[in-house]
Amino acid sequence: MENYVVNVEDLSISIKMDEGILTPVRNVRFAVKENETLGLVGESGCGKSLTSKAILGINDKKCKATGKINFQVDGKMLNLLDLKFGGSEIRSIRGKMASMIFQEPMSSFSPLFTIGHQISESVRLHITKDKKKAKDITIEAMRKVGISNPEKRYNQYPHEFSGGMLQRALIAMALVCNPKLLIADEPTTALDVTIQAQILELMKELQKEFKMAILFITHDLGTVAKVCDRVAVMYLGRIVEIGSVMDIFKNPLHPYTRGLLGSVHKIGGGRERLFSIEGTVPLAMNLENKCGFYDRCTYRDDVKCSQVDPCLREVEDGHFVACYLDSPSQGKQNTR
Amino acid sequence: MDKLSYIAKRLLLAFFTLLMISFVVFFVIQLPPGDFVDSMVTDMIAQGETVTEADIENLRTMYGTNRPFMVQYVDWLKGIVTGDWGTSFYYNQSVLVKIGETLGTTLLISLVTLVVTYLIAIPIAIYSAKHQYQIGDYIFTFIGFVGLAVPHFLLAILLMYLSYKWTGKPLMGLFPEGGITDWASFVEFLKRLIIPTIVISLSGACGLIRSIRAQMLDEQEKPYVLCTRAKGVSEQTITFKYEMRAILNPIVSGLGGMISGIFNGSTITAIVLMLPTQGPVLLKALQSQDVYLSGGILLISATLVVIGTLISDLLLAVLDPRIKLLEESK
Amino acid sequence: MSQEKQKKDLAPNDTLLNEKELKKLEKKRAKQEKYYTSSQWQLMGRKLIRHKLAVISFILLTLLYIGAIFAGFIAPQGLEDFSATYSNAPPSKIHFVHNGEFIGPFVYDYDITYDKFQNKVYVENKEKPYKINFFVKGSSYKILGIFKSDIHLFGVDNSDLPEGKDKVNVMLFGADQLGRDLFSRILIGSQVSLTVPLVGTFMSFILAIIIGGISGYYGGIVDTIIQRIIEVISSFPTLPLWMALSAAIPAGISVTKVYIFITIIMSLVSWPGLARTVRSKFLSLKKEDYVLAAKLAGVSDFKIIIKHLVPGFMSYLIVNLTLGIPNMILGETSMSFLGLGMRAPATSWGVLLQECQSISNIANCPWKLIPVLFVGTAVLAFNFLGDGLRDAADPYK
């Protein structure tokens with residue numbers, strides 16, 4: 001057994017709604033090692049955020065999660081889904097061993113408490129009850145993420161911070177207890193490009209220092225190439241391809257991955273038309289037993305692909321794909 | 001510094017509001033056809049005196065009712081500021097004295113109902129929001145609807161009738177005969193306070209429950225709640241520290257409206273239950289065209305609402321770090 | 001090879017399945033598509049229908065308003081009918097069987113005695129049945145102020161009444177002090193109690209959209225002044241202000257004028273709250289990108305307001321309006337109850353409740369509280385309807 005920080009097996013999430021049962025996440029499996037960054041890539045609504053929140057157990061009560069989320073606690077693997085919803089055990093893991101950075105720094109803090117109070121709350125919960133010590137730790141963490149003059153900033157309210165500073169504060173809040181797993185849910189989407197680069201750089205540095213595992217959720221492939229070691233591509237609640245960044249970028253196998261990569265503009269790539277995937281993502285409700293990408297796929301095999309949803313299979317070492325095609329050259333491209 | 005200028009601004013605004021209110025009040029009390037002299041003359045004729053046109057004209061000049069509206073208003077306002085609120089025609093008493101007689105009980109009842117309203121509404125609203133679409137929520141929502149649907153005066157009558165059925169005599173009035181002198185009379189006073197408190201606070205509480213519940217539900221959806229949960233903070237702490245704190249602001253800023261609602265309720269309830277508050281006096285004043293008295297009561301109630309609003313604004317300045325942002329969104 | 005075989009095995013099954021299921025699936029898909037492409041109002045309608053309480057409320061309100069429109073026809077008595085004989089008479093019992101014989105619906109006359117407090121005691125005189133007939137002639141009335149008639153839905157056949165006796169009436173909800181049928185008076189009163197709030201709300205709605213719209217869209221000094229005015233008006237507790245204003249309605253003017261005055265007073269006092277909502281909605285919508293886009297595209301201010309801003313919160317406003325009506329119902333009832341609203345000869349639910357001011361009246365004649373049920377029903381129904389509308393206004397939630 002390798003030294004996984006988190007190992008997700010067959011995670012499915014279903015939501016009961018008036019119109020039927022929605023299954024936004026289906027049979028997802030992946031694992032993240034220490035000091036490794038796994039990118040979770042997909043369009044909005046593909047289930048990547050739900051998956052990550054399921055690890056912390058902070059999804060809405062309506063979301064029923066099944067499968068296993070094995071998390072390393074004191075050297076042993078513990079299935080987080082066995083823990084009571086909102087109970088003290090899962091709470092002692094949240095924020096301490098696994099923490100999360102959210103998309104919108106502006107709304108991720110309560111506007112009514114000071115930044116310092118909100119960050120140190122984590123410390124007071126998980127490390128020390130001593131307020132003075134908690135404050136010192138907090139200020140140290142704020143300094144580490146590059147917030148200048150943290151002693152003064154400690155007593156300021158969120159509306160006195162800029163977006164980039166708030167994101168730094170959010171990172172400080174996530175890292176203040178030295179977690180083993182950091183889930184970053186599109187941490188840079190709400191920020192300017194220059195600040196994006198700074199924040200990504202910061203995260204990389206901090207990962208080196210703390211040997212964290214990072215689960216990096218994004219729809220931006222450029223960011224993935226920059227920060228991730230491995231990538232998992234999600235489509236319609238399933239992982240359709242997973243492998244090292246090199247493998248995926250050099251040799252994308254799933255038609256969807258190829259579509260994604262085709263729709264990224266490369267600098268110096270000339271003035272070609274950007275590729276776009278036709279059609280829209282279907283609703284994850286009452287899905288038929290066929291490949292989820294069937295309706296939009298240009299390589300589809302009308303017989304095979306329409307009957308059984310393909311499972312993940314290993315094509316090369318550590319590179320899995322959920323598609324019947326063996327290589328990009330195989331199968332004719334249907335022109336619709 | 002920010003806060004100081006905010007407070008100063010609020011005070012100034014309240015002052016202007018009061019000034020405009022006094023104008024509206026004077027306008028309203030001048031609305032009824034005829035004036036003070038007319039009613040005086042009718043009264044004099046009724047007493048068998050003979051009144052000539054010249055007498056009436058003299059009276060008008062004497063009381064100044066034939067002067068332009070604005071002049072009369074300024075005169076009236078001067079009186080208000082210097083403590084001369086005119087004479088109550090019906091009670092034959094100074095308006096200020098008459099209002100003073102009932103102001104204490106009015107404030108007492110208002111304060112008691114205000115406290116009761118919040119004490120009932122806040123816990124129920126939080127319970128309802130935390131158990132949305134569960135049986136408890138449905139029950140409270142239903143009671144809340146019924147509470148909003150039953151007119152104040154009817155509830156007052158019904159409860160009075162029930163108290164009559166159960167105890168043999170209706171719980172009316174507020175103070176026992178002879179005033180509060182000993183423990184027993186104090187208990188009697190408390191007993192008589194029950195019905196008005198229930199009646200007046202019910203509709204306010206029901207409205208408050210609905211709005212707090214909705215705000216609480218809104219608050220639960222905010223991203224920071226998720227973020228705080230991800231820190232490992234317990235649900236209780238999230239509810240009572242973060243969400244409660246957030247809904248406290250709208251509760252506080254609704255104070256003015258709440259007081260106004262309580263005056264609505266207490267006016268009519270007091271008339272039905274014959275409480276010694278301003279309600280019955282106002283009705284009598286309006287029925288007998290006793291304009292200075294009705295104007296005075298109107299002015300006092302509006303002033304109390306303004307003061308309530310001012311207090312809530314000042315409280316907000318203490319409570320909310322985002323005063324500047326608030327100002328912009330207002 | 002084996003795969004092909006499998007496919008062959010599956011094939012017939014598959015086509016069978018397909019033919020049946022395909023149609024179903026297609027229907028389902030079409031339905032889903034419809035759901036995602038239908039307009040905002042269609043979605044609201046669909047959601048509203050699912051809200052059972054709102055639907056029931058809507059039906060109840062429709063019934064109440066039909067009752068108000070056809071009050072003259074449905075009510076057995078007219079507005080001015082009274083009978084000293086039947087003062088405080090209890091609700092009539094409707095019988096079907098007389099002396100063991102089924103003769104259709106009828107009522108008995110009363111023998112009237114007095115108790116020791118000089119209160120009338122009504123005892124049915126079972127000798128002679130008075131039949132209830134349908135479509136009988138009675139006092140004349142007008143429907144919607146236009147169609148004149150004297151045919152009533154039902155009434156007692158008084159053709160063989162003994163000489164010198166007062167007419168026998170059917171009084172479903174009993175009678176008041178002056179022997180007037182409460183059922184008839186509730187229906188006639190609903191013409192006031194149900195329309196004043198509606199017209200008043202509509203008027204304050206217009207005022208609110210205009211004033212709030214100006215305030216929110218233009219901002220600046222205009223906004224400041226309007227805001228101050230709103231604050232002043234809303235600083236007054238509504239009921240005392242209502243009372244003061246309606247005390248200013250001159251005595252001795254016609255019922256129609258009183259009605260108009262009361263409606264105006266209602267809307268004058270209640271527009272500020274709504275205007276505030278309109279303003280804040282304008283303010284938040286004004287900042288939306290699509291408004292900026294429209295501005296950049298050279299669309300005029302007026303067109304932006306009408307085409308882009310108003311539809312954006314129309315549903316929201318309608319919800320607010322519906323929820324504002326109950327307050328006006330209660331307000332009108334309260335004022336009439338205090339004698340400051342509608343006056344005799346006109347009636348309204350509040351006027352009917354005036355008799356409930358004394359405990360002895362309630363104790364002896366509990367049926368006089370029946371108008372409360374109507375007030376409560378109307379208020380609750382508007383509340384539920386408004387709530388349903390609010391949920392429906394957010395169709396994707």
# chains A, B, ... in the order shown; residues from 1 in each chain; ligands from 1

$ interface_residues --of "chain C" --to "chain B" --cutoff "6 Å" --atoms "only C-alpha atoms" --output "count of residues only"
10

$ closest_atom_pairs --of "chain A" --to "chain C" --cutoff "10 Å" --atoms "only C-alpha atoms" --output "Markdown table"
| residue | atom | partner | partner_atom | distance |
| --- | --- | --- | --- | --- |
| A:Glu19 | CA | C:Gln32 | CA | 9.7 |
| A:Leu283 | CA | C:Gln32 | CA | 9.8 |
| A:Val303 | CA | C:Lys7 | CA | 9.1 |
| A:Lys304 | CA | C:Lys7 | CA | 9.9 |

$ interface_residues --of "chain A" --to "chain B" --cutoff "7 Å" --atoms "only C-alpha atoms" --output "list in words"
Leu56, Ile58, Arg91, Ser92, Arg94, Gly95, Ser99, Met100, Ser107, Ser108, Phe109, Ser110, Leu112 and Ser122 of chain A

$ residues_around --residues "region 326-340 of chain C" --least-positions-apart "6" --cutoff "8 Å" --atoms "only C-alpha atoms" --output "ChimeraX atom specification"
/B:149,151,153,268 /C:193-194,196-197,200-201,239,242-243,246-247,266,348-354,375,378-380,382-383

$ write_last_selection --atoms "N, CA and C atoms" --output "PDB file, in the first residue's frame"
ATOM      1  N   ALA B 149     -53.503  36.513  10.758  1.00  0.00           N
ATOM      2  CA  ALA B 149     -54.808  36.641  10.106  1.00  0.00           C
ATOM      3  C   ALA B 149     -55.890  37.169  11.042  1.00  0.00           C
ATOM      4  N   PRO B 151     -57.583  39.661  13.438  1.00  0.00           N
ATOM      5  CA  PRO B 151     -57.422  41.070  13.804  1.00  0.00           C
ATOM      6  C   PRO B 151     -57.200  41.216  15.308  1.00  0.00           C
ATOM      7  N   PHE B 153     -58.266  43.364  17.496  1.00  0.00           N
ATOM      8  CA  PHE B 153     -59.382  43.673  18.378  1.00  0.00           C
ATOM      9  C   PHE B 153     -60.209  42.433  18.649  1.00  0.00           C
ATOM     10  N   ILE B 268     -55.750  49.904  19.137  1.00  0.00           N
ATOM     11  CA  ILE B 268     -57.079  49.295  19.039  1.00  0.00           C
ATOM     12  C   ILE B 268     -57.345  48.347  20.209  1.00  0.00           C
TER      13      ILE B 268
ATOM     14  N   SER C 193     -65.379  45.265   2.025  1.00  0.00           N
ATOM     15  CA  SER C 193     -64.195  44.732   2.692  1.00  0.00           C
ATOM     16  C   SER C 193     -63.222  44.059   1.733  1.00  0.00           C
ATOM     17  N   LEU C 194     -63.718  43.510   0.645  1.00  0.00           N
ATOM     18  CA  LEU C 194     -62.811  42.832  -0.281  1.00  0.00           C
ATOM     19  C   LEU C 194     -62.313  43.730  -1.399  1.00  0.00           C
ATOM     20  N   VAL C 196     -61.973  47.374  -1.137  1.00  0.00           N
ATOM     21  CA  VAL C 196     -61.134  48.483  -0.660  1.00  0.00           C
ATOM     22  C   VAL C 196     -59.657  48.078  -0.662  1.00  0.00           C
ATOM     23  N   PRO C 197     -59.310  46.917  -0.088  1.00  0.00           N
ATOM     24  CA  PRO C 197     -57.895  46.533  -0.097  1.00  0.00           C
ATOM     25  C   PRO C 197     -57.355  46.353  -1.509  1.00  0.00           C
ATOM     26  N   GLY C 200     -57.113  49.823  -3.101  1.00  0.00           N
ATOM     27  CA  GLY C 200     -56.094  50.556  -2.352  1.00  0.00           C
ATOM     28  C   GLY C 200     -54.698  50.056  -2.680  1.00  0.00           C
ATOM     29  N   THR C 201     -54.540  48.730  -2.717  1.00  0.00           N
ATOM     30  CA  THR C 201     -53.235  48.170  -3.035  1.00  0.00           C
ATOM     31  C   THR C 201     -52.813  48.552  -4.442  1.00  0.00           C
ATOM     32  N   LEU C 239     -52.087  52.698  12.010  1.00  0.00           N
ATOM     33  CA  LEU C 239     -53.481  52.764  12.460  1.00  0.00           C
ATOM     34  C   LEU C 239     -53.862  54.151  12.992  1.00  0.00           C
ATOM     35  N   TRP C 242     -54.208  56.360  10.050  1.00  0.00           N
ATOM     36  CA  TRP C 242     -55.444  56.025   9.349  1.00  0.00           C
ATOM     37  C   TRP C 242     -56.642  56.643  10.065  1.00  0.00           C
ATOM     38  N   MET C 243     -56.633  56.448  11.381  1.00  0.00           N
ATOM     39  CA  MET C 243     -57.755  56.951  12.177  1.00  0.00           C
ATOM     40  C   MET C 243     -57.869  58.458  12.034  1.00  0.00           C
ATOM     41  N   SER C 246     -59.111  59.370   8.557  1.00  0.00           N
ATOM     42  CA  SER C 246     -60.514  59.086   8.253  1.00  0.00           C
ATOM     43  C   SER C 246     -61.446  59.888   9.145  1.00  0.00           C
ATOM     44  N   ALA C 247     -60.914  60.381  10.270  1.00  0.00           N
ATOM     45  CA  ALA C 247     -61.737  61.276  11.074  1.00  0.00           C
ATOM     46  C   ALA C 247     -61.969  62.583  10.329  1.00  0.00           C
ATOM     47  N   MET C 266     -56.070  54.611   2.596  1.00  0.00           N
ATOM     48  CA  MET C 266     -55.334  53.342   2.704  1.00  0.00           C
ATOM     49  C   MET C 266     -54.076  53.374   1.847  1.00  0.00           C
ATOM     50  N   SER C 348     -69.745  46.866   6.180  1.00  0.00           N
ATOM     51  CA  SER C 348     -68.550  46.092   5.843  1.00  0.00           C
ATOM     52  C   SER C 348     -68.322  45.137   7.001  1.00  0.00           C
ATOM     53  N   TRP C 349     -67.377  44.254   6.842  1.00  0.00           N
ATOM     54  CA  TRP C 349     -67.160  43.256   7.892  1.00  0.00           C
ATOM     55  C   TRP C 349     -66.836  43.917   9.233  1.00  0.00           C
ATOM     56  N   GLY C 350     -66.102  45.006   9.148  1.00  0.00           N
ATOM     57  CA  GLY C 350     -65.757  45.710  10.381  1.00  0.00           C
ATOM     58  C   GLY C 350     -66.987  46.317  11.043  1.00  0.00           C
ATOM     59  N   VAL C 351     -67.891  46.869  10.209  1.00  0.00           N
ATOM     60  CA  VAL C 351     -69.128  47.444  10.741  1.00  0.00           C
ATOM     61  C   VAL C 351     -69.942  46.350  11.432  1.00  0.00           C
ATOM     62  N   LEU C 352     -70.003  45.179  10.801  1.00  0.00           N
ATOM     63  CA  LEU C 352     -70.773  44.072  11.382  1.00  0.00           C
ATOM     64  C   LEU C 352     -70.211  43.667  12.735  1.00  0.00           C
ATOM     65  N   LEU C 353     -68.896  43.800  12.868  1.00  0.00           N
ATOM     66  CA  LEU C 353     -68.265  43.361  14.114  1.00  0.00           C
ATOM     67  C   LEU C 353     -68.422  44.380  15.238  1.00  0.00           C
ATOM     68  N   GLN C 354     -68.915  45.568  14.879  1.00  0.00           N
ATOM     69  CA  GLN C 354     -69.081  46.584  15.928  1.00  0.00           C
ATOM     70  C   GLN C 354     -69.920  46.062  17.077  1.00  0.00           C
ATOM     71  N   VAL C 375     -63.174  37.376   7.627  1.00  0.00           N
ATOM     72  CA  VAL C 375     -61.961  38.204   7.659  1.00  0.00           C
ATOM     73  C   VAL C 375     -60.737  37.294   7.672  1.00  0.00           C
ATOM     74  N   ALA C 378     -60.131  35.425   4.362  1.00  0.00           N
ATOM     75  CA  ALA C 378     -59.593  36.274   3.299  1.00  0.00           C
ATOM     76  C   ALA C 378     -58.129  36.608   3.569  1.00  0.00           C
ATOM     77  N   VAL C 379     -57.817  36.950   4.818  1.00  0.00           N
ATOM     78  CA  VAL C 379     -56.440  37.323   5.155  1.00  0.00           C
ATOM     79  C   VAL C 379     -55.503  36.135   4.945  1.00  0.00           C
ATOM     80  N   LEU C 380     -55.901  34.985   5.476  1.00  0.00           N
ATOM     81  CA  LEU C 380     -55.055  33.799   5.327  1.00  0.00           C
ATOM     82  C   LEU C 380     -54.876  33.438   3.862  1.00  0.00           C
ATOM     83  N   PHE C 382     -55.015  35.290   1.197  1.00  0.00           N
ATOM     84  CA  PHE C 382     -54.084  36.182   0.504  1.00  0.00           C
ATOM     85  C   PHE C 382     -52.647  35.904   0.936  1.00  0.00           C
ATOM     86  N   ASN C 383     -52.470  35.593   2.224  1.00  0.00           N
ATOM     87  CA  ASN C 383     -51.124  35.271   2.697  1.00  0.00           C
ATOM     88  C   ASN C 383     -50.569  34.026   2.032  1.00  0.00           C
TER      89      ASN C 383
END

$ residues_around --residues "Ala213 (chain A)" --least-positions-apart "2" --cutoff "8 Å" --atoms "only C-alpha atoms" --output "ChimeraX atom specification"
/A:5,32-37,180-182,207,211,215

$ select_by_dssp --residues "region 32-262 of chain A" --states "strand (DSSP E or B)" --output "ChimeraX atom specification"
/A:32-33,37-41,63-73,76-79,94,98-101,181-185,213-218,230-235,238-244

$ residues_around --residues "Pro345 (chain C)" --least-positions-apart "3" --cutoff "9 Å" --atoms "only C-alpha atoms" --output "list in words"
Leu79, Glu80, Val255 and Met342 of chain C

$ residues_around --residues "Asn88 (chain C)" --least-positions-apart "5" --cutoff "8 Å" --atoms "only C-alpha atoms" --output "PyMOL selection string"
chain C and resi 120+174-179+365

$ residues_around --residues "Pro162 (chain C)" --least-positions-apart "5" --cutoff "12 Å" --atoms "only C-alpha atoms" --output "PyMOL selection string"
chain C and resi 109+128+130+167-168

$ atom_distance --atom1 "CA of Met212 (chain A)" --atom2 "CA of Pro111 (chain A)"
29.4 Å
